[in-house]
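Listing of query_1.cif, mmCIF, C-alpha atoms
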data_entry
#
loop_
_atom_site.group_PDB
_atom_site.id
_atom_site.type_symbol
_atom_site.label_atom_id
_atom_site.label_comp_id
_atom_site.auth_asym_id
_atom_site.auth_seq_id
_atom_site.Cartn_x
_atom_site.Cartn_y
_atom_site.Cartn_z
ATOM 1 C CA MET W 845 0.000 0.000 0.000
ATOM 2 C CA ASP W 846 1.648 3.238 -1.158
ATOM 3 C CA GLN W 847 -0.911 5.742 0.040
ATOM 4 C CA LEU W 848 -1.883 6.854 3.477
ATOM 5 C CA ASN W 849 -5.574 6.571 4.299
ATOM 6 C CA ILE W 850 -7.030 8.044 7.463
ATOM 7 C CA SER W 851 -10.661 7.631 8.398
ATOM 8 C CA GLU W 852 -12.292 9.396 11.319
ATOM 9 C CA LYS W 853 -15.010 8.161 13.658
ATOM 10 C CA VAL W 854 -16.533 10.268 16.383
ATOM 11 C CA THR W 855 -18.154 8.673 19.406
ATOM 12 C CA ASP W 856 -19.727 10.230 22.481
ATOM 13 C CA ARG W 857 -16.509 9.440 24.383
ATOM 14 C CA GLY W 858 -13.916 10.597 21.919
ATOM 15 C CA ALA W 859 -12.576 10.256 18.413
ATOM 16 C CA ILE W 860 -11.016 7.317 16.614
ATOM 17 C CA LEU W 861 -8.597 7.689 13.731
ATOM 18 C CA VAL W 862 -7.996 4.592 11.655
ATOM 19 C CA VAL W 863 -4.664 4.930 9.866
ATOM 20 C CA GLU W 864 -3.692 2.649 6.986
ATOM 21 C CA GLY W 865 -0.501 2.666 4.918
ATOM 22 C CA PRO W 866 2.904 4.278 5.394
ATOM 23 C CA VAL W 867 3.487 7.266 7.666
ATOM 24 C CA ASN W 868 6.699 8.740 6.324
ATOM 25 C CA SER W 869 8.033 12.177 5.485
ATOM 26 C CA TYR W 870 6.209 11.968 2.151
ATOM 27 C CA THR W 871 2.804 11.296 3.697
ATOM 28 C CA PHE W 872 2.925 12.586 7.258
ATOM 29 C CA THR W 873 1.389 16.016 6.654
ATOM 30 C CA GLU W 874 -2.140 14.630 6.484
ATOM 31 C CA PHE W 875 -1.393 12.494 9.554
ATOM 32 C CA GLN W 876 -0.121 15.572 11.400
ATOM 33 C CA THR W 877 -3.151 17.696 10.480
ATOM 34 C CA LYS W 878 -5.708 15.137 11.604
ATOM 35 C CA VAL W 879 -3.931 13.996 14.750
ATOM 36 C CA TYR W 880 -3.323 17.552 15.979
ATOM 37 C CA ALA W 881 -6.874 18.623 15.186
ATOM 38 C CA TRP W 882 -8.400 15.838 17.292
ATOM 39 C CA SER W 883 -5.849 15.517 20.103
ATOM 40 C CA LYS W 884 -6.525 19.072 21.270
ATOM 41 C CA LYS W 885 -10.281 18.783 21.504
ATOM 42 C CA THR W 886 -11.148 15.267 22.626
ATOM 43 C CA ASP W 887 -9.793 11.956 23.857
ATOM 44 C CA LEU W 888 -8.304 10.210 20.869
ATOM 45 C CA VAL W 889 -7.639 6.622 19.837
ATOM 46 C CA ILE W 890 -5.359 6.093 16.842
ATOM 47 C CA ASP W 891 -5.793 2.654 15.320
ATOM 48 C CA MET W 892 -2.381 1.837 13.833
ATOM 49 C CA SER W 893 -2.945 -1.846 13.133
ATOM 50 C CA ALA W 894 -2.681 -1.313 9.368
ATOM 51 C CA VAL W 895 0.239 1.105 9.346
ATOM 52 C CA THR W 896 2.973 -0.300 7.124
ATOM 53 C CA SER W 897 5.793 1.974 8.262
ATOM 54 C CA LEU W 898 6.346 4.787 10.732
ATOM 55 C CA SER W 899 9.188 7.221 10.194
ATOM 56 C CA SER W 900 10.725 9.606 12.691
ATOM 57 C CA ALA W 901 8.548 12.348 11.173
ATOM 58 C CA GLY W 902 5.435 10.415 12.146
ATOM 59 C CA LEU W 903 6.841 9.591 15.567
ATOM 60 C CA GLY W 904 7.609 13.260 16.129
ATOM 61 C CA VAL W 905 3.978 14.084 15.380
ATOM 62 C CA LEU W 906 2.726 11.429 17.792
ATOM 63 C CA MET W 907 4.993 12.660 20.580
ATOM 64 C CA ALA W 908 3.821 16.231 20.079
ATOM 65 C CA ALA W 909 0.180 15.125 20.041
ATOM 66 C CA ILE W 910 0.664 13.235 23.306
ATOM 67 C CA ASP W 911 2.074 16.434 24.851
ATOM 68 C CA ASP W 912 -0.784 18.514 23.421
ATOM 69 C CA ALA W 913 -3.386 16.092 24.701
ATOM 70 C CA ALA W 914 -1.838 16.083 28.187
ATOM 71 C CA ASP W 915 -1.719 19.895 28.233
ATOM 72 C CA ALA W 916 -5.396 19.989 27.294
ATOM 73 C CA GLY W 917 -6.339 17.377 29.891
ATOM 74 C CA ARG W 918 -7.045 14.810 27.168
ATOM 75 C CA LYS W 919 -5.802 11.279 26.549
ATOM 76 C CA LEU W 920 -4.335 9.667 23.457
ATOM 77 C CA TRP W 921 -4.035 5.937 22.885
ATOM 78 C CA ILE W 922 -2.375 3.892 20.140
ATOM 79 C CA LEU W 923 -4.658 0.982 19.316
ATOM 80 C CA LYS W 924 -3.214 -2.341 18.135
ATOM 81 C CA PRO W 925 0.081 -1.016 16.768
ATOM 82 C CA SER W 926 1.401 -3.118 13.896
ATOM 83 C CA GLU W 927 4.723 -4.837 14.470
ATOM 84 C CA ILE W 928 6.606 -2.160 12.540
ATOM 85 C CA VAL W 929 4.893 0.629 14.496
ATOM 86 C CA ARG W 930 5.757 -1.032 17.787
ATOM 87 C CA MET W 931 9.347 -1.515 16.624
ATOM 88 C CA ALA W 932 9.631 2.147 15.581
ATOM 89 C CA ILE W 933 8.234 3.372 18.897
ATOM 90 C CA GLU W 934 10.451 1.085 20.950
ATOM 91 C CA SER W 935 13.533 2.052 18.941
ATOM 92 C CA THR W 936 13.286 5.646 20.159
ATOM 93 C CA GLY W 937 13.597 4.710 23.817
ATOM 94 C CA PHE W 938 10.417 6.675 24.550
ATOM 95 C CA ALA W 939 7.974 3.750 24.487
ATOM 96 C CA ASP W 940 6.829 4.586 28.024
ATOM 97 C CA SER W 941 5.379 7.840 26.704
ATOM 98 C CA PHE W 942 2.957 5.980 24.423
ATOM 99 C CA ALA W 943 -0.247 4.425 25.741
ATOM 100 C CA MET W 944 -0.512 1.322 23.552
ATOM 101 C CA ILE W 945 -3.682 -0.733 23.893
ATOM 102 C CA GLY W 946 -4.961 -3.948 22.353
ATOM 103 C CA ALA W 947 -8.681 -3.195 22.361
ATOM 104 C CA LEU W 948 -10.884 -0.136 22.161
ATOM 105 C CA ARG W 949 -12.556 -0.939 25.481
ATOM 106 C CA GLU W 950 -9.223 -0.255 27.220
ATOM 107 C CA ALA W 951 -9.573 3.396 26.186
ATOM 108 C CA PHE W 952 -13.223 4.341 26.409
ATOM 109 C CA MET C 1365 23.186 -20.006 20.040
ATOM 110 C CA GLY C 1366 23.135 -16.623 18.294
ATOM 111 C CA ALA C 1367 20.376 -15.249 16.096
ATOM 112 C CA ALA C 1368 22.312 -15.917 12.898
ATOM 113 C CA GLU C 1369 22.928 -19.525 13.911
ATOM 114 C CA ARG C 1370 19.250 -20.037 14.740
ATOM 115 C CA ARG C 1371 18.317 -18.700 11.320
ATOM 116 C CA LYS C 1372 20.760 -21.066 9.643
ATOM 117 C CA ARG C 1373 19.358 -24.086 11.471
ATOM 118 C CA ALA C 1374 15.775 -23.072 10.844
ATOM 119 C CA ARG C 1375 16.355 -22.558 7.135
ATOM 120 C CA PRO C 1376 19.222 -24.680 5.819
ATOM 121 C CA SER C 1377 18.431 -23.521 2.296
ATOM 122 C CA ALA C 1378 19.256 -19.976 3.385
ATOM 123 C CA LEU C 1379 22.968 -20.714 3.291
ATOM 124 C CA ARG C 1380 23.540 -18.576 0.269
ATOM 125 C CA GLU C 1381 24.128 -14.918 -0.345
ATOM 126 C CA ARG C 1382 21.344 -12.663 -1.496
ATOM 127 C CA ARG C 1383 21.727 -9.351 -3.259
ATOM 128 C CA ALA C 1384 19.547 -6.720 -4.849
ATOM 129 C CA VAL C 1385 20.434 -3.467 -6.562
ATOM 130 C CA ALA C 1386 18.168 -0.574 -7.476
ATOM 131 C CA ARG C 1387 18.564 2.978 -8.693
ATOM 132 C CA PHE C 1388 16.413 5.901 -7.574
ATOM 133 C CA GLN C 1389 16.127 9.534 -8.632
ATOM 134 C CA GLY C 1390 16.801 10.689 -5.087
ATOM 135 C CA THR C 1391 13.545 12.453 -4.236
ATOM 136 C CA ARG C 1392 10.719 11.798 -1.775
ATOM 137 C CA THR C 1393 8.634 10.393 -4.599
ATOM 138 C CA ASP C 1394 10.984 7.377 -4.492
ATOM 139 C CA PHE C 1395 9.786 6.301 -1.046
ATOM 140 C CA PRO C 1396 6.849 4.153 -2.207
ATOM 141 C CA ALA C 1397 9.103 2.376 -4.703
ATOM 142 C CA PHE C 1398 11.705 1.828 -2.001
ATOM 143 C CA GLU C 1399 9.077 0.312 0.297
ATOM 144 C CA ARG C 1400 7.827 -1.974 -2.478
ATOM 145 C CA LEU C 1401 11.386 -3.076 -3.112
ATOM 146 C CA VAL C 1402 11.921 -3.938 0.558
ATOM 147 C CA ASP C 1403 8.616 -5.831 0.607
ATOM 148 C CA GLY C 1404 9.865 -7.950 -2.275
ATOM 149 C CA LEU C 1405 13.229 -8.840 -0.745
ATOM 150 C CA ASP C 1406 13.808 -12.314 0.595
ATOM 151 C CA CYS C 1407 14.720 -11.133 4.106
ATOM 152 C CA PRO C 1408 15.510 -13.601 6.912
ATOM 153 C CA ASP C 1409 12.182 -12.872 8.644
ATOM 154 C CA ASP C 1410 9.478 -10.228 9.075
ATOM 155 C CA LYS C 1411 11.279 -8.476 11.924
ATOM 156 C CA ALA C 1412 14.392 -8.175 9.797
ATOM 157 C CA ARG C 1413 12.307 -6.746 6.969
ATOM 158 C CA ALA C 1414 10.705 -4.222 9.365
ATOM 159 C CA ARG C 1415 14.134 -3.105 10.590
ATOM 160 C CA LEU C 1416 15.348 -2.773 7.018
ATOM 161 C CA ARG C 1417 12.308 -0.733 6.089
ATOM 162 C CA LEU C 1418 12.521 1.656 9.053
ATOM 163 C CA VAL C 1419 16.268 2.187 8.866
ATOM 164 C CA GLY C 1420 16.336 2.369 5.065
ATOM 165 C CA LEU C 1421 13.603 4.985 4.947
ATOM 166 C CA GLU C 1422 15.244 7.118 7.625
ATOM 167 C CA LEU C 1423 18.556 7.090 5.796
ATOM 168 C CA PHE C 1424 16.945 7.685 2.423
ATOM 169 C CA ASP C 1425 14.950 10.573 3.876
ATOM 170 C CA ASN C 1426 18.125 12.118 5.297
ATOM 171 C CA LEU C 1427 19.780 11.805 1.908
ATOM 172 C CA VAL C 1428 16.923 13.527 0.136
ATOM 173 C CA ARG C 1429 16.745 16.243 2.779
ATOM 174 C CA HIS C 1430 20.438 16.943 3.257
ATOM 175 C CA ALA C 1431 22.191 15.781 0.100
ATOM 176 C CA GLY C 1432 19.818 16.879 -2.622
ATOM 177 C CA PRO C 1433 19.497 17.745 -5.363
ATOM 178 C CA LEU C 1434 21.052 14.423 -6.280
ATOM 179 C CA ARG C 1435 21.721 14.871 -9.973
ATOM 180 C CA GLY C 1436 23.204 11.441 -10.409
ATOM 181 C CA GLY C 1437 20.493 9.756 -8.376
ATOM 182 C CA VAL C 1438 20.972 7.183 -5.642
ATOM 183 C CA ARG C 1439 22.068 3.598 -6.050
ATOM 184 C CA MET C 1440 20.849 1.204 -3.392
ATOM 185 C CA ARG C 1441 22.350 -2.162 -2.728
ATOM 186 C CA TYR C 1442 20.930 -4.768 -0.381
ATOM 187 C CA GLY C 1443 22.983 -7.741 0.647
ATOM 188 C CA GLU C 1444 22.611 -10.696 2.947
ATOM 189 C CA ASP C 1445 25.629 -12.862 3.599
ATOM 190 C CA ALA C 1446 25.635 -16.595 4.239
ATOM 191 C CA SER C 1447 25.215 -16.085 7.980
ATOM 192 C CA GLY C 1448 22.045 -14.048 7.468
ATOM 193 C CA ARG C 1449 23.611 -10.663 8.241
ATOM 194 C CA MET C 1450 21.902 -7.950 6.218
ATOM 195 C CA SER C 1451 23.476 -4.793 4.869
ATOM 196 C CA LEU C 1452 22.085 -1.839 2.994
ATOM 197 C CA ALA C 1453 24.169 0.695 1.090
ATOM 198 C CA PHE C 1454 23.238 3.978 -0.565
ATOM 199 C CA SER C 1455 25.718 5.386 -3.097
ATOM 200 C CA PHE C 1456 25.442 8.959 -4.336
ATOM 201 C CA ARG C 1457 27.484 12.079 -4.917
ATOM 202 C CA SER C 1458 26.936 15.150 -2.771
ATOM 203 C CA ARG C 1459 29.254 17.818 -1.372
ATOM 204 C CA ARG C 1460 26.289 19.236 0.482
ATOM 205 C CA PHE C 1461 25.838 16.014 2.429
ATOM 206 C CA ARG C 1462 29.486 15.978 3.515
ATOM 207 C CA ALA C 1463 29.135 19.559 4.752
ATOM 208 C CA TRP C 1464 25.964 18.660 6.625
ATOM 209 C CA LEU C 1465 27.701 15.739 8.338
ATOM 210 C CA LYS C 1466 30.471 18.036 9.549
ATOM 211 C CA ALA C 1467 28.118 20.745 10.788
ATOM 212 C CA PRO C 1468 27.261 20.717 14.491
ATOM 213 C CA GLY C 1469 23.695 19.744 15.199
ATOM 214 C CA PRO C 1470 21.496 18.681 18.080
ATOM 215 C CA SER C 1471 22.430 15.214 19.285
ATOM 216 C CA LEU C 1472 19.197 14.780 21.242
ATOM 217 C CA PRO C 1473 15.585 14.980 20.104
ATOM 218 C CA SER C 1474 14.350 18.545 20.142
ATOM 219 C CA TRP C 1475 11.104 20.367 19.524
ATOM 220 C CA SER C 1476 10.836 22.141 16.183
ATOM 221 C CA PRO C 1477 8.413 25.070 16.474
ATOM 222 C CA ALA C 1478 8.522 25.593 12.718
ATOM 223 C CA GLU C 1479 7.470 22.037 11.935
ATOM 224 C CA LYS C 1480 5.396 21.580 15.097
ATOM 225 C CA ARG C 1481 6.883 18.188 15.843
ATOM 226 C CA TRP C 1482 9.792 16.534 17.599
ATOM 227 C CA ARG C 1483 12.929 16.211 15.480
ATOM 228 C CA GLY C 1484 16.095 14.180 15.892
ATOM 229 C CA LEU C 1485 14.419 10.822 16.454
ATOM 230 C CA GLY C 1486 15.568 9.319 13.160
ATOM 231 C CA LEU C 1487 19.211 8.863 14.036
ATOM 232 C CA ILE C 1488 18.240 7.282 17.356
ATOM 233 C CA MET C 1489 16.027 4.840 15.488
ATOM 234 C CA VAL C 1490 18.808 4.001 13.032
ATOM 235 C CA ARG C 1491 21.321 3.518 15.825
ATOM 236 C CA ASN C 1492 19.018 1.257 17.828
ATOM 237 C CA LEU C 1493 17.788 -0.839 14.898
ATOM 238 C CA SER C 1494 21.153 -1.517 13.274
ATOM 239 C CA SER C 1495 24.588 -2.706 14.299
ATOM 240 C CA ARG C 1496 26.718 -0.184 12.459
ATOM 241 C CA VAL C 1497 26.340 2.823 10.173
ATOM 242 C CA GLU C 1498 29.247 4.206 8.166
ATOM 243 C CA HIS C 1499 29.664 7.070 5.740
ATOM 244 C CA ARG C 1500 32.501 6.783 3.271
ATOM 245 C CA SER C 1501 33.440 9.419 0.751
ATOM 246 C CA GLY C 1502 36.039 9.381 -1.963
ATOM 247 C CA PRO C 1503 36.688 10.288 -5.586
ATOM 248 C CA SER C 1504 33.882 8.027 -6.719
ATOM 249 C CA GLY C 1505 31.327 9.677 -4.432
ATOM 250 C CA ASP C 1506 29.618 9.016 -1.138
ATOM 251 C CA ARG C 1507 28.433 5.798 0.371
ATOM 252 C CA ILE C 1508 26.372 5.096 3.462
ATOM 253 C CA VAL C 1509 26.542 1.500 4.597
ATOM 254 C CA VAL C 1510 24.401 0.114 7.359
ATOM 255 C CA THR C 1511 24.780 -3.395 8.710
ATOM 256 C CA PHE C 1512 22.223 -5.170 10.862
#
Written as structure tokens, how would this file's structure read?
Amino acid sequence: MDQLNISEKVTDRGAILVVEGPVNSYTFTEFQTKVYAWSKKTDLVIDMSAVTSLSSAGLGVLMAAIDDAADAGRKLWILKPSEIVRMAIESTGFADSFAMIGALREAF
Amino acid sequence: MGAAERRKRARPSALRERRAVARFQGTRTDFPAFERLVDGLDCPDDKARARLRLVGLELFDNLVRHAGPLRGGVRMRYGEDASGRMSLAFSFRSRRFRAWLKAPGPSLPSWSPAEKRWRGLGLIMVRNLSSRVEHRSGPSGDRIVVTF
């Protein structure tokens, strides 16, 4: 899958972004726009089970969104990270900063 | 028993060298083609392929960002030796990249107000997902070699 697809779902408890495809410096702008928009206004779950790669650009966006959400009193979870997403997160040494969950019910 | 030995025992037929070579223009539009290429490689396992993909993209992105414009393009070479050790090399020609390597820069992740994201994570990822990264330059150009 060459293209990044992001679909949005809004529930009464927060928003869910379903991300599919590669998050790299070629595609991350759309990822950045949508993640920042939601992380500031509601609790957010980002389903990354179908993400095929995650570059440092995408990780930088996630880390900033986690900070933004905390500043706004919101929460941000990474739902079912694919193996490559988990590997990318763990490779930074900041894995403790990411709330990774295996099921939506663990968030809201 | 080390990881390479386990791979050998698990896949006796893997006792042969593997190689792949590709040429790219040296722009961000190459990234999808690079990812497709990695997907098609006969890597030792899925984790190895994931490491190759993450590290390769970070290095390629740095090349495009700090070495471009790359008039002669970028040549990529993947290799796996008989023990299962992977290597990835990017060959190109760029004075700008050599200057960038010599310039002082932040060694830790830092917040970029202009880009509204954390920067400096890529080199940490590369360091933690590979065994060794080298840059060699000479009359024939520049070469970045990463071994896993």
Quiz item: Contacts of Met907 in chain W at 12 Å or less, counting only C-alpha atoms, minus same-chain residues fewer than 2 places along, as a count of residues only?
Solution: 36
Exercise. Return the neighbours of chain W among the residues of chain C, cut-off 8 Å, counting only C-alpha atoms, as a list in words.
Key: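 Listed by rising number, the hits are Arg1392, Thr1393, Phe1395, Pro1396, Lys1411, Ala1414, Arg1415, Arg1417, Leu1418, Leu1421, Glu1422, Asp1425, Lys1480, Arg1481, Trp1482, Arg1483, Gly1484, Leu1485, Gly1486, Ile1488, Met1489, Asn1492 and Leu1493 of chain C.
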Quiz item: Care to translate the PyMOL selection byres ((chain C and resi 1505) around 10) into actual residues of this file, as a ChimeraX atom specification?
Solution: /C:1455-1459,1500-1504,1506-1507
Quiz item: At what distance in Å, to one decimal, does CA of Asp856 in chain W lie from CA of Arg918 in chain W?
Solution: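 Here the two named atoms are 14.3 Å from each other.
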Listed atoms of range 925-929 of chain W, axis-aligned box, 4 Å per side: centre and edge lengths to one decimal in Å, as JSON?
{"center_x": 3.3, "center_y": -2.1, "center_z": 14.7, "size_x": 14.5, "size_y": 13.5, "size_z": 12.2}
Would you kindly translate the PyMOL selection byres ((chain C and resi 1390) around 12) into the concrete residues it picks from this file, as a PDB file with C-alpha atoms, in the frame of the given file?
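Okay, selection01.pdb is ready:
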ATOM      1  CA  ALA C1386      18.168  -0.574  -7.476  1.00  0.00           C
ATOM      2  CA  ARG C1387      18.564   2.978  -8.693  1.00  0.00           C
ATOM      3  CA  PHE C1388      16.413   5.901  -7.574  1.00  0.00           C
ATOM      4  CA  GLN C1389      16.127   9.534  -8.632  1.00  0.00           C
ATOM      5  CA  THR C1391      13.545  12.453  -4.236  1.00  0.00           C
ATOM      6  CA  ARG C1392      10.719  11.798  -1.775  1.00  0.00           C
ATOM      7  CA  THR C1393       8.634  10.393  -4.599  1.00  0.00           C
ATOM      8  CA  ASP C1394      10.984   7.377  -4.492  1.00  0.00           C
ATOM      9  CA  PHE C1395       9.786   6.301  -1.046  1.00  0.00           C
ATOM     10  CA  ALA C1397       9.103   2.376  -4.703  1.00  0.00           C
ATOM     11  CA  PHE C1398      11.705   1.828  -2.001  1.00  0.00           C
ATOM     12  CA  LEU C1421      13.603   4.985   4.947  1.00  0.00           C
ATOM     13  CA  LEU C1423      18.556   7.090   5.796  1.00  0.00           C
ATOM     14  CA  PHE C1424      16.945   7.685   2.423  1.00  0.00           C
ATOM     15  CA  ASP C1425      14.950  10.573   3.876  1.00  0.00           C
ATOM     16  CA  ASN C1426      18.125  12.118   5.297  1.00  0.00           C
ATOM     17  CA  LEU C1427      19.780  11.805   1.908  1.00  0.00           C
ATOM     18  CA  VAL C1428      16.923  13.527   0.136  1.00  0.00           C
ATOM     19  CA  ARG C1429      16.745  16.243   2.779  1.00  0.00           C
ATOM     20  CA  HIS C1430      20.438  16.943   3.257  1.00  0.00           C
ATOM     21  CA  ALA C1431      22.191  15.781   0.100  1.00  0.00           C
ATOM     22  CA  GLY C1432      19.818  16.879  -2.622  1.00  0.00           C
ATOM     23  CA  PRO C1433      19.497  17.745  -5.363  1.00  0.00           C
ATOM     24  CA  LEU C1434      21.052  14.423  -6.280  1.00  0.00           C
ATOM     25  CA  ARG C1435      21.721  14.871  -9.973  1.00  0.00           C
ATOM     26  CA  GLY C1436      23.204  11.441 -10.409  1.00  0.00           C
ATOM     27  CA  GLY C1437      20.493   9.756  -8.376  1.00  0.00           C
ATOM     28  CA  VAL C1438      20.972   7.183  -5.642  1.00  0.00           C
ATOM     29  CA  ARG C1439      22.068   3.598  -6.050  1.00  0.00           C
ATOM     30  CA  MET C1440      20.849   1.204  -3.392  1.00  0.00           C
ATOM     31  CA  PHE C1454      23.238   3.978  -0.565  1.00  0.00           C
ATOM     32  CA  SER C1455      25.718   5.386  -3.097  1.00  0.00           C
ATOM     33  CA  PHE C1456      25.442   8.959  -4.336  1.00  0.00           C
ATOM     34  CA  ARG C1457      27.484  12.079  -4.917  1.00  0.00           C
ATOM     35  CA  SER C1458      26.936  15.150  -2.771  1.00  0.00           C
TER      36      SER C1458
END
Exercise. Please indicate the distance in Å from CA of Ser1451 in chain C to CA of Val1510 in chain C, rounded to one decimal place.
Key: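 Separation between CA of Ser1451 in chain C and CA of Val1510 in chain C: 5.6 Å.
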Quiz item: Which value, in Å to one decimal, gives the distance between CA of Leu1401 in chain C and CA of Ala894 in chain W?
Solution: 18.9 Å
Quiz prompt | Within 7 Å of Leu1452 in chain C using only C-alpha atoms, minus same-chain residues under 2 positions, as a PyMOL selection string | solution = chain C and resi 1441-1443+1450+1454+1509-1511
Show me that you can extract range 867-886 of chain W, keeping N, CA and C atoms, and write it as an mmCIF file, in the first residue's frame.
data_model
loop_
_atom_site.group_PDB
_atom_site.id
_atom_site.type_symbol
_atom_site.label_atom_id
_atom_site.label_comp_id
_atom_site.auth_asym_id
_atom_site.auth_seq_id
_atom_site.Cartn_x
_atom_site.Cartn_y
_atom_site.Cartn_z
ATOM 1 N N VAL W 867 3.357 5.902 7.121
ATOM 2 C CA VAL W 867 3.487 7.266 7.666
ATOM 3 C C VAL W 867 4.962 7.620 7.550
ATOM 4 N N ASN W 868 5.301 8.341 6.511
ATOM 5 C CA ASN W 868 6.699 8.740 6.324
ATOM 6 C C ASN W 868 6.750 10.230 5.994
ATOM 7 N N SER W 869 7.933 10.729 5.684
ATOM 8 C CA SER W 869 8.033 12.177 5.485
ATOM 9 C C SER W 869 7.328 12.620 4.204
ATOM 10 N N TYR W 870 6.948 11.662 3.379
ATOM 11 C CA TYR W 870 6.209 11.968 2.151
ATOM 12 C C TYR W 870 4.717 12.080 2.430
ATOM 13 N N THR W 871 4.255 11.365 3.449
ATOM 14 C CA THR W 871 2.804 11.296 3.697
ATOM 15 C C THR W 871 2.367 11.905 5.032
ATOM 16 N N PHE W 872 3.315 12.310 5.875
ATOM 17 C CA PHE W 872 2.925 12.586 7.258
ATOM 18 C C PHE W 872 2.125 13.858 7.452
ATOM 19 N N THR W 873 2.087 14.742 6.469
ATOM 20 C CA THR W 873 1.389 16.016 6.654
ATOM 21 C C THR W 873 -0.093 15.806 6.963
ATOM 22 N N GLU W 874 -0.720 14.906 6.227
ATOM 23 C CA GLU W 874 -2.140 14.630 6.484
ATOM 24 C C GLU W 874 -2.305 14.007 7.878
ATOM 25 N N PHE W 875 -1.388 13.120 8.225
ATOM 26 C CA PHE W 875 -1.393 12.494 9.554
ATOM 27 C C PHE W 875 -1.279 13.574 10.628
ATOM 28 N N GLN W 876 -0.340 14.488 10.437
ATOM 29 C CA GLN W 876 -0.121 15.572 11.400
ATOM 30 C C GLN W 876 -1.375 16.436 11.556
ATOM 31 N N THR W 877 -1.977 16.818 10.445
ATOM 32 C CA THR W 877 -3.151 17.696 10.480
ATOM 33 C C THR W 877 -4.291 17.047 11.258
ATOM 34 N N LYS W 878 -4.563 15.796 10.961
ATOM 35 C CA LYS W 878 -5.708 15.137 11.604
ATOM 36 C C LYS W 878 -5.435 14.796 13.071
ATOM 37 N N VAL W 879 -4.245 14.343 13.358
ATOM 38 C CA VAL W 879 -3.931 13.996 14.750
ATOM 39 C C VAL W 879 -3.951 15.240 15.631
ATOM 40 N N TYR W 880 -3.347 16.327 15.166
ATOM 41 C CA TYR W 880 -3.323 17.552 15.979
ATOM 42 C C TYR W 880 -4.734 18.113 16.159
ATOM 43 N N ALA W 881 -5.525 18.057 15.103
ATOM 44 C CA ALA W 881 -6.874 18.623 15.186
ATOM 45 C C ALA W 881 -7.687 17.913 16.274
ATOM 46 N N TRP W 882 -7.580 16.588 16.338
ATOM 47 C CA TRP W 882 -8.400 15.838 17.292
ATOM 48 C C TRP W 882 -7.790 15.785 18.690
ATOM 49 N N SER W 883 -6.468 15.715 18.778
ATOM 50 C CA SER W 883 -5.849 15.517 20.103
ATOM 51 C C SER W 883 -6.062 16.716 21.017
ATOM 52 N N LYS W 884 -6.328 17.879 20.435
ATOM 53 C CA LYS W 884 -6.525 19.072 21.270
ATOM 54 C C LYS W 884 -7.957 19.196 21.771
ATOM 55 N N LYS W 885 -8.897 18.529 21.100
ATOM 56 C CA LYS W 885 -10.281 18.783 21.504
ATOM 57 C C LYS W 885 -11.019 17.598 22.112
ATOM 58 N N THR W 886 -10.446 16.403 22.022
ATOM 59 C CA THR W 886 -11.148 15.267 22.626
ATOM 60 C C THR W 886 -10.174 14.128 22.904
#
